[in-house]
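Participant: Structure file entry-v3.cif, mmCIF, C-alpha atoms, is pasted below:
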```cif
data_my_file
loop_
_atom_site.group_PDB
_atom_site.id
_atom_site.type_symbol
_atom_site.label_atom_id
_atom_site.label_comp_id
_atom_site.auth_asym_id
_atom_site.auth_seq_id
_atom_site.Cartn_x
_atom_site.Cartn_y
_atom_site.Cartn_z
ATOM 1 C CA MET A 1 -83.242 96.770 128.186
ATOM 2 C CA ALA A 2 -86.545 98.455 127.339
ATOM 3 C CA ASP A 3 -87.142 99.256 123.686
ATOM 4 C CA PHE A 4 -88.605 102.727 123.274
ATOM 5 C CA GLU A 5 -90.523 101.973 120.099
ATOM 6 C CA THR A 6 -92.337 98.944 121.524
ATOM 7 C CA ASP A 7 -92.238 99.248 125.338
ATOM 8 C CA ALA A 8 -92.872 102.932 125.981
ATOM 9 C CA LEU A 9 -95.697 103.855 128.337
ATOM 10 C CA GLU A 10 -97.867 106.757 127.291
ATOM 11 C CA ILE A 11 -99.512 109.529 129.294
ATOM 12 C CA VAL A 12 -101.609 112.307 127.770
ATOM 13 C CA ILE A 13 -102.343 115.452 129.795
ATOM 14 C CA PRO A 14 -104.063 118.779 129.123
ATOM 15 C CA SER A 15 -101.923 121.930 129.049
ATOM 16 C CA ASP A 16 -102.008 122.366 132.804
ATOM 17 C CA THR A 17 -98.899 122.618 134.982
ATOM 18 C CA ALA A 18 -100.715 120.888 137.865
ATOM 19 C CA GLU A 19 -101.183 117.846 135.590
ATOM 20 C CA ALA A 20 -97.525 118.045 134.595
ATOM 21 C CA ARG A 21 -96.603 117.938 138.274
ATOM 22 C CA LYS A 22 -98.566 114.702 138.720
ATOM 23 C CA VAL A 23 -96.656 113.175 135.789
ATOM 24 C CA GLN A 24 -93.378 114.229 137.366
ATOM 25 C CA ASP A 25 -94.372 112.645 140.664
ATOM 26 C CA VAL A 26 -95.206 109.365 138.896
ATOM 27 C CA LEU A 27 -91.906 109.397 137.016
ATOM 28 C CA GLU A 28 -89.926 110.317 140.116
ATOM 29 C CA GLN A 29 -91.506 107.396 141.971
ATOM 30 C CA GLY A 30 -90.511 105.141 139.061
ATOM 31 C CA LEU A 31 -86.942 106.409 139.254
ATOM 32 C CA GLN A 32 -86.853 105.694 142.993
ATOM 33 C CA ASN A 33 -88.207 102.192 142.328
ATOM 34 C CA VAL A 34 -85.329 101.336 139.969
ATOM 35 C CA LYS A 35 -82.931 102.917 142.463
ATOM 36 C CA ALA A 36 -81.697 105.562 140.036
ATOM 37 C CA PRO A 37 -78.828 107.544 141.603
ATOM 38 C CA ASP A 38 -79.947 110.694 143.456
ATOM 39 C CA LYS A 39 -77.835 112.905 141.212
ATOM 40 C CA ASP A 40 -79.531 111.483 138.106
ATOM 41 C CA VAL A 41 -82.976 111.908 139.650
ATOM 42 C CA PHE A 42 -82.083 115.562 140.246
ATOM 43 C CA CYS A 43 -80.987 115.953 136.603
ATOM 44 C CA ILE A 44 -84.108 114.293 135.213
ATOM 45 C CA ARG A 45 -86.464 116.210 137.474
ATOM 46 C CA LEU A 46 -84.973 119.494 136.330
ATOM 47 C CA ALA A 47 -84.960 118.579 132.629
ATOM 48 C CA LEU A 48 -88.547 117.283 132.828
ATOM 49 C CA GLU A 49 -89.744 120.499 134.415
ATOM 50 C CA GLU A 50 -88.141 122.558 131.663
ATOM 51 C CA ALA A 51 -89.443 120.324 128.854
ATOM 52 C CA LEU A 52 -93.000 120.154 130.220
ATOM 53 C CA VAL A 53 -93.156 123.913 130.823
ATOM 54 C CA ASN A 54 -91.868 124.476 127.291
ATOM 55 C CA ALA A 55 -94.583 122.183 125.873
ATOM 56 C CA ILE A 56 -97.415 123.714 127.917
ATOM 57 C CA LYS A 57 -96.392 127.362 127.907
ATOM 58 C CA HIS A 58 -94.494 127.910 124.669
ATOM 59 C CA GLY A 59 -95.834 125.027 122.558
ATOM 60 C CA ASN A 60 -99.502 124.891 123.517
ATOM 61 C CA GLN A 61 -99.653 128.513 124.728
ATOM 62 C CA MET A 62 -101.398 127.312 127.927
ATOM 63 C CA GLU A 63 -104.495 126.379 125.913
ATOM 64 C CA ILE A 64 -106.131 123.813 128.156
ATOM 65 C CA THR A 65 -107.770 121.977 125.254
ATOM 66 C CA LYS A 66 -104.394 121.268 123.674
ATOM 67 C CA LYS A 67 -102.677 118.123 124.850
ATOM 68 C CA VAL A 68 -99.173 117.155 125.849
ATOM 69 C CA PHE A 69 -98.186 113.618 124.861
ATOM 70 C CA ILE A 70 -95.612 111.857 127.024
ATOM 71 C CA LYS A 71 -94.008 108.513 126.168
ATOM 72 C CA TYR A 72 -91.307 106.987 128.331
ATOM 73 C CA THR A 73 -89.317 103.896 129.175
ATOM 74 C CA LEU A 74 -87.456 103.271 132.376
ATOM 75 C CA ASP A 75 -85.170 100.454 133.394
ATOM 76 C CA GLN A 76 -82.204 99.938 135.722
ATOM 77 C CA ASP A 77 -79.775 101.833 133.510
ATOM 78 C CA VAL A 78 -81.619 104.247 131.263
ATOM 79 C CA PHE A 79 -84.556 106.648 131.341
ATOM 80 C CA GLU A 80 -85.901 107.813 128.006
ATOM 81 C CA ILE A 81 -88.773 110.181 127.376
ATOM 82 C CA MET A 82 -90.476 111.932 124.488
ATOM 83 C CA ILE A 83 -92.623 114.994 125.175
ATOM 84 C CA SER A 84 -94.737 116.342 122.322
ATOM 85 C CA ASP A 85 -97.115 119.279 122.127
ATOM 86 C CA GLU A 86 -99.680 120.546 119.636
ATOM 87 C CA GLY A 87 -97.919 123.820 118.949
ATOM 88 C CA PRO A 88 -96.295 124.901 115.677
ATOM 89 C CA GLY A 89 -92.838 123.971 116.963
ATOM 90 C CA PHE A 90 -89.632 125.988 117.015
ATOM 91 C CA ASP A 91 -86.070 125.760 115.786
ATOM 92 C CA PRO A 92 -83.843 125.009 118.775
ATOM 93 C CA ASN A 93 -80.919 126.487 116.839
ATOM 94 C CA ASP A 94 -82.689 129.856 116.829
ATOM 95 C CA VAL A 95 -82.674 130.130 120.624
ATOM 96 C CA PRO A 96 -80.077 132.763 121.532
ATOM 97 C CA ASP A 97 -77.210 131.611 123.734
ATOM 98 C CA PRO A 98 -78.259 132.771 127.214
ATOM 99 C CA THR A 99 -74.625 132.848 128.368
ATOM 100 C CA ASP A 100 -73.659 135.504 125.805
ATOM 101 C CA ILE A 101 -72.927 138.716 127.628
ATOM 102 C CA GLU A 102 -75.733 140.596 125.836
ATOM 103 C CA ASN A 103 -78.250 137.908 126.844
ATOM 104 C CA LEU A 104 -77.104 137.327 130.409
ATOM 105 C CA GLU A 105 -79.675 139.695 131.888
ATOM 106 C CA ARG A 106 -82.573 138.291 129.869
ATOM 107 C CA PRO A 107 -84.930 136.539 132.278
ATOM 108 C CA CYS A 108 -85.727 133.656 129.908
ATOM 109 C CA GLY A 109 -84.116 131.237 127.438
ATOM 110 C CA ARG A 110 -82.195 128.975 129.815
ATOM 111 C CA GLY A 111 -84.469 125.921 129.900
ATOM 112 C CA LEU A 112 -83.101 124.278 126.766
ATOM 113 C CA MET A 113 -79.542 124.815 127.951
ATOM 114 C CA LEU A 114 -80.301 123.105 131.266
ATOM 115 C CA MET A 115 -82.001 120.191 129.506
ATOM 116 C CA ARG A 116 -78.961 119.669 127.275
ATOM 117 C CA HIS A 117 -76.614 119.835 130.233
ATOM 118 C CA TYR A 118 -78.517 117.500 132.508
ATOM 119 C CA MET A 119 -79.555 114.801 130.037
ATOM 120 C CA THR A 120 -77.290 112.424 128.111
ATOM 121 C CA GLU A 121 -79.118 113.123 124.837
ATOM 122 C CA VAL A 122 -81.660 115.777 123.795
ATOM 123 C CA ASN A 123 -83.115 115.749 120.270
ATOM 124 C CA TYR A 124 -85.997 117.635 118.683
ATOM 125 C CA ASN A 125 -88.049 116.443 115.739
ATOM 126 C CA SER A 126 -87.886 118.469 112.533
ATOM 127 C CA THR A 127 -91.070 120.386 113.403
ATOM 128 C CA GLY A 128 -89.673 121.316 116.810
ATOM 129 C CA ASN A 129 -92.771 120.346 118.798
ATOM 130 C CA SER A 130 -91.448 117.068 120.152
ATOM 131 C CA VAL A 131 -88.355 116.531 122.259
ATOM 132 C CA ARG A 132 -86.800 113.161 123.014
ATOM 133 C CA MET A 133 -84.401 112.953 125.941
ATOM 134 C CA LYS A 134 -82.311 110.137 127.334
ATOM 135 C CA LYS A 135 -80.486 109.777 130.623
ATOM 136 C CA VAL A 136 -77.997 106.977 131.159
ATOM 137 C CA PHE A 137 -77.567 106.451 134.902
ATOM 138 C CA LYS A 138 -74.158 106.839 136.410
ATOM 139 C CA LYS A 139 -74.090 103.941 138.807
ATOM 140 C CA ALA A 140 -71.280 103.874 141.368
ATOM 141 C CA MET B 1 -113.878 137.660 151.300
ATOM 142 C CA SER B 2 -110.851 135.938 149.813
ATOM 143 C CA GLU B 3 -108.296 134.270 152.056
ATOM 144 C CA PRO B 4 -104.973 136.060 152.506
ATOM 145 C CA ARG B 5 -102.381 134.581 150.160
ATOM 146 C CA LYS B 6 -99.889 132.285 151.879
ATOM 147 C CA SER B 7 -96.386 133.701 151.981
ATOM 148 C CA ARG B 8 -93.798 131.638 150.122
ATOM 149 C CA LEU B 9 -91.042 133.576 151.891
ATOM 150 C CA GLU B 10 -89.790 133.927 155.460
ATOM 151 C CA VAL B 11 -88.472 137.449 155.899
ATOM 152 C CA GLU B 12 -86.424 138.745 158.813
ATOM 153 C CA GLU B 13 -84.363 141.857 159.454
ATOM 154 C CA ILE B 14 -80.769 141.473 160.575
ATOM 155 C CA GLY B 15 -79.453 145.004 161.112
ATOM 156 C CA ASP B 16 -80.384 146.866 157.940
ATOM 157 C CA VAL B 17 -80.343 143.723 155.796
ATOM 158 C CA THR B 18 -83.517 141.891 154.796
ATOM 159 C CA VAL B 19 -82.809 138.162 154.988
ATOM 160 C CA VAL B 20 -85.190 136.031 152.931
ATOM 161 C CA ASN B 21 -85.641 132.268 153.272
ATOM 162 C CA PHE B 22 -87.730 130.221 150.867
ATOM 163 C CA VAL B 23 -90.546 128.104 152.286
ATOM 164 C CA ASP B 24 -90.462 125.693 149.328
ATOM 165 C CA ARG B 25 -87.781 123.068 148.785
ATOM 166 C CA LYS B 26 -88.618 122.906 145.084
ATOM 167 C CA ILE B 27 -88.853 126.202 143.236
ATOM 168 C CA LEU B 28 -90.052 124.568 140.044
ATOM 169 C CA ASP B 29 -93.758 124.969 139.621
ATOM 170 C CA GLU B 30 -94.641 127.792 137.258
ATOM 171 C CA GLN B 31 -97.531 129.067 139.363
ATOM 172 C CA ASN B 32 -95.487 128.915 142.541
ATOM 173 C CA ILE B 33 -92.593 130.734 140.893
ATOM 174 C CA GLN B 34 -95.006 133.446 139.825
ATOM 175 C CA ILE B 35 -96.119 133.953 143.433
ATOM 176 C CA ILE B 36 -92.552 133.822 144.776
ATOM 177 C CA GLY B 37 -91.551 136.398 142.137
ATOM 178 C CA GLU B 38 -94.372 138.755 143.121
ATOM 179 C CA GLN B 39 -93.510 138.446 146.803
ATOM 180 C CA LEU B 40 -89.819 139.084 146.132
ATOM 181 C CA PHE B 41 -90.552 142.105 143.900
ATOM 182 C CA GLU B 42 -92.853 143.515 146.564
ATOM 183 C CA LEU B 43 -89.895 143.704 148.956
ATOM 184 C CA VAL B 44 -88.223 146.193 146.615
ATOM 185 C CA ASP B 45 -91.151 147.860 144.818
ATOM 186 C CA VAL B 46 -93.585 148.278 147.709
ATOM 187 C CA GLN B 47 -91.570 147.948 150.894
ATOM 188 C CA GLY B 48 -88.532 149.779 149.522
ATOM 189 C CA ARG B 49 -85.986 147.319 150.930
ATOM 190 C CA LYS B 50 -82.478 148.051 149.692
ATOM 191 C CA LYS B 51 -80.273 145.272 151.046
ATOM 192 C CA ILE B 52 -81.604 141.822 150.356
ATOM 193 C CA LEU B 53 -79.915 138.536 151.234
ATOM 194 C CA LEU B 54 -81.597 135.482 149.703
ATOM 195 C CA ASP B 55 -80.834 132.348 151.698
ATOM 196 C CA PHE B 56 -81.168 129.128 149.641
ATOM 197 C CA LYS B 57 -80.523 126.661 152.462
ATOM 198 C CA ASN B 58 -84.024 125.185 152.124
ATOM 199 C CA VAL B 59 -83.921 124.915 148.341
ATOM 200 C CA ASP B 60 -83.326 121.537 146.639
ATOM 201 C CA TYR B 61 -84.505 122.369 143.113
ATOM 202 C CA LEU B 62 -84.531 125.524 141.015
ATOM 203 C CA SER B 63 -85.767 125.886 137.431
ATOM 204 C CA SER B 64 -84.868 128.347 134.693
ATOM 205 C CA ALA B 65 -88.120 130.239 135.352
ATOM 206 C CA ALA B 66 -86.960 130.838 138.928
ATOM 207 C CA LEU B 67 -83.614 132.102 137.611
ATOM 208 C CA GLY B 68 -85.572 134.578 135.497
ATOM 209 C CA LYS B 69 -87.290 135.964 138.593
ATOM 210 C CA LEU B 70 -83.946 136.339 140.363
ATOM 211 C CA ILE B 71 -82.525 138.267 137.391
ATOM 212 C CA THR B 72 -85.503 140.631 137.434
ATOM 213 C CA LEU B 73 -85.207 141.050 141.219
ATOM 214 C CA ASN B 74 -81.521 141.881 140.858
ATOM 215 C CA LYS B 75 -82.362 144.535 138.257
ATOM 216 C CA LYS B 76 -85.040 146.035 140.473
ATOM 217 C CA ALA B 77 -82.711 146.094 143.491
ATOM 218 C CA THR B 78 -79.792 147.702 141.653
ATOM 219 C CA THR B 79 -82.023 150.205 139.831
ATOM 220 C CA SER B 80 -83.373 151.411 143.178
ATOM 221 C CA GLY B 81 -79.837 151.793 144.533
ATOM 222 C CA GLY B 82 -79.953 148.571 146.500
ATOM 223 C CA LYS B 83 -78.067 145.303 146.458
ATOM 224 C CA LEU B 84 -78.973 141.626 146.176
ATOM 225 C CA VAL B 85 -76.798 138.833 147.555
ATOM 226 C CA LEU B 86 -77.428 135.067 147.417
ATOM 227 C CA CYS B 87 -76.106 132.583 149.965
ATOM 228 C CA ASN B 88 -76.203 128.982 151.214
ATOM 229 C CA ILE B 89 -76.618 127.521 147.740
ATOM 230 C CA ARG B 90 -76.107 123.756 147.781
ATOM 231 C CA PRO B 91 -73.680 122.320 145.187
ATOM 232 C CA GLU B 92 -76.384 120.902 142.884
ATOM 233 C CA ILE B 93 -78.111 124.277 142.692
ATOM 234 C CA LYS B 94 -74.791 126.114 142.396
ATOM 235 C CA GLU B 95 -74.189 124.043 139.272
ATOM 236 C CA VAL B 96 -77.378 125.479 137.720
ATOM 237 C CA PHE B 97 -75.932 128.970 138.208
ATOM 238 C CA GLU B 98 -72.562 127.889 136.812
ATOM 239 C CA ILE B 99 -73.975 126.252 133.675
ATOM 240 C CA THR B 100 -75.917 129.405 132.862
ATOM 241 C CA LYS B 101 -72.946 131.600 133.866
ATOM 242 C CA LEU B 102 -75.184 133.393 136.319
ATOM 243 C CA ASP B 103 -72.644 132.646 139.052
ATOM 244 C CA LYS B 104 -70.731 135.601 137.565
ATOM 245 C CA PHE B 105 -73.851 137.756 137.340
ATOM 246 C CA PHE B 106 -75.059 137.365 140.931
ATOM 247 C CA LYS B 107 -73.153 138.028 144.118
ATOM 248 C CA ILE B 108 -73.068 134.578 145.683
ATOM 249 C CA LYS B 109 -71.663 134.010 149.170
ATOM 250 C CA GLU B 110 -70.990 130.823 151.071
ATOM 251 C CA ASP B 111 -73.332 131.308 154.040
ATOM 252 C CA GLU B 112 -75.515 133.833 155.796
ATOM 253 C CA GLN B 113 -72.700 135.309 157.860
ATOM 254 C CA VAL B 114 -70.471 135.961 154.839
ATOM 255 C CA GLY B 115 -73.544 137.147 152.955
ATOM 256 C CA LEU B 116 -74.304 139.759 155.609
ATOM 257 C CA GLN B 117 -70.704 140.972 155.471
ATOM 258 C CA ALA B 118 -71.113 141.632 151.752
ATOM 259 C CA PHE B 119 -73.376 144.575 152.637
ATOM 260 C CA ALA B 120 -70.889 146.168 155.052
#
```
Transcribe the structure of this file into structure tokens.

Facilitator:
Amino acid sequence: MADFETDALEIVIPSDTAEARKVQDVLEQGLQNVKAPDKDVFCIRLALEEALVNAIKHGNQMEITKKVFIKYTLDQDVFEIMISDEGPGFDPNDVPDPTDIENLERPCGRGLMLMRHYMTEVNYNSTGNSVRMKKVFKKA
Amino acid sequence: MSEPRKSRLEVEEIGDVTVVNFVDRKILDEQNIQIIGEQLFELVDVQGRKKILLDFKNVDYLSSAALGKLITLNKKATTSGGKLVLCNIRPEIKEVFEITKLDKFFKIKEDEQVGLQAFA
């Protein structure tokens, strides 16, 4: 099993969603290579999109000179990733519950909820500008 | 002269209902979602369409940003006295609506035929 601290691969991209898409394509290809279940690939793809958009848009405020740092490991059973930005961070506990009736019509604030649902583990650092997510594959 | 912007939507009229199909299988990319949002809003704001049926049969992925556009579209449609109905949502995408409890917010029908009946 890959050890995140020693085996993680690193990719650094500017705050550009087109670059984020390339990273997602690379990771998706990796997931196909280890024959990750389709359902898990769906979950990861969705969570990655939300986390990368959060880093680029909310963290780095779309400033192209600011970087997004991606570290990941991938093996037959587990995918683990850490996505960090250069923003000031946020407190995930301060994000209003988008399923509360008064928030239901708000057009934003659902990304974090989807990440938590679709990944096995989602943890932020204390600054709130780095998220580490893990997905344990559900093999048949 | 700039090139005309490519439509991300396929729009057809069935009776008095505007049926909209998405060209993209993945409604994820921020820039793409922005364009899709503008083209959807134009149906209500510019073209004055009242009955809109969004068909998701082509859609494999949907992000929270796309959900945001759908919420805004629903507001625009209802404010102008119209109605928005969603249909043909595959189970994986349906789950996204369920997790966010938006399955209770939107009118979601099984397929196009049932969706069209929702306007009767």

Participant: Just need the residues of chain A within 6 Å of chain B, counting all atoms listed in the file, so spit them out as a PDB file with C-alpha atoms, in the coordinates of the input.

Facilitator:
```pdb
ATOM      1  CA  THR A  99     -74.625 132.848 128.368  1.00  0.00           C
ATOM      2  CA  PRO A 107     -84.930 136.539 132.278  1.00  0.00           C
ATOM      3  CA  CYS A 108     -85.727 133.656 129.908  1.00  0.00           C
ATOM      4  CA  ARG A 110     -82.195 128.975 129.815  1.00  0.00           C
ATOM      5  CA  GLY A 111     -84.469 125.921 129.900  1.00  0.00           C
TER       6      GLY A 111
END
```

Participant: Can you spell out as a ChimeraX atom specification the set of residues that the PyMOL selection byres ((chain B and resi 41) around 12) selects in the structure I just provided?

Facilitator: /B:9,33-40,42-50,52,69-77,80,84

Participant: Just to confirm, what's the straight-line distance from atom CA of Ala51 of chain A to atom CA of Asn33 of chain A in Å (one decimal)?

Facilitator: 22.6 Å

Participant: Near Glu63 of chain A, within 9 Å and counting all atoms listed in the file, which residues show up once chain neighbours fewer than 5 positions away are dropped, as a list in words?

Facilitator: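 Residues near the query, excluding close chain neighbours: Pro14, Ser15, Asp16, Ile56 and Lys57 of chain A.
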
Participant: As a check of understanding, name the residues that the PyMOL selection byres ((chain A and resi 118) around 9) selects in the supplied structure, as a PyMOL selection string.

Facilitator: chain A and resi 40+42-44+46-47+113-117+119-121+135

Participant: Can you tell me which residues surround Cys87 of chain B at a distance of at most 9 Å, considering all atoms listed in the file, apart from same-chain residues fewer than 5 positions away, and format the answer as JSON, numbers by chain?

Facilitator: {"B": [53, 54, 55, 56, 57, 107, 108, 109, 110, 111, 112, 114, 115]}

Participant: The residues within 9 Å of (-90.3, 106.6, 127.2), using all atoms listed in the file and the coordinates of the file, should be reported as a PyMOL selection string; which are they?

Facilitator: chain A and resi 2-5+7-10+70-74+79-83+132-134

Participant: One decimal, Å: what's the distance from atom CA of Pro88 of chain A over to atom CA of Gly128 of chain A, could you say?

Facilitator: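 Value for the atom CA of Pro88 of chain A-atom CA of Gly128 of chain A distance: 7.6 Å.
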
Participant: Would you please work out which residue, of B:Ala118, B:Val23, B:Glu95, B:Lys83, is nearest to Val11 of chain B when using only C-alpha atoms?

Facilitator: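 Among the listed residues, B:Val23 lies closest to Val11 of chain B.
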
Participant: List as JSON, numbers by chain the protein and nucleic acid residues near Ser130 of chain A, meaning an atom at most 8 Å away when all atoms listed in the file are counted, but skip any in the same chain fewer than 3 places from it.

Facilitator: {"A": [82, 83, 84, 85, 89, 124, 125, 127]}

Participant: Select, from B:Asn32, B:Phe22, B:Glu12, B:Phe119, the residue with the minimum atom-to-atom distance to Gly82 of chain B, counting only C-alpha atoms.

Facilitator: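 The closest residue to Gly82 of chain B is B:Phe119.
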
Participant: Taking into account all atoms listed in the file, which residue in the set A:Val131, A:Met1, A:Val23, A:Ile13 is nearest to Lys66 of chain A?

Facilitator: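 Nearest to Lys66 of chain A: A:Ile13.
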
Participant: Find the distance between atom CA of Ile27 of chain B and atom CA of Ala120 of chain B and write it in Å to one decimal.

Facilitator: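 Going from atom CA of Ile27 of chain B over to atom CA of Ala120 of chain B covers 29.3 Å.
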
Participant: Build an axis-aligned box that encloses every atom of segment 61-69 of chain A listed in the file, pad it by 4 Å on each side, and report its centre and edge lengths in Å to one decimal, as lines of an AutoDock Vina configuration file.

Facilitator:
```
center_x = -103.0
center_y = 121.1
center_z = 125.9
size_x = 17.6
size_y = 22.9
size_z = 12.5
```

Participant: From the set A:Gly109, A:Gly59, A:Pro98, A:Gly30, which residue has the shortest atom-to-atom contact distance to Glu86 of chain A, counting only C-alpha atoms?

Facilitator: A:Gly59

Participant: Given the choices A:Lys138, A:Gln24, A:Ala18, A:Leu112, which gets closest to Ile64 of chain A if the distance is worked out from all atoms listed in the file?

Facilitator: A:Ala18
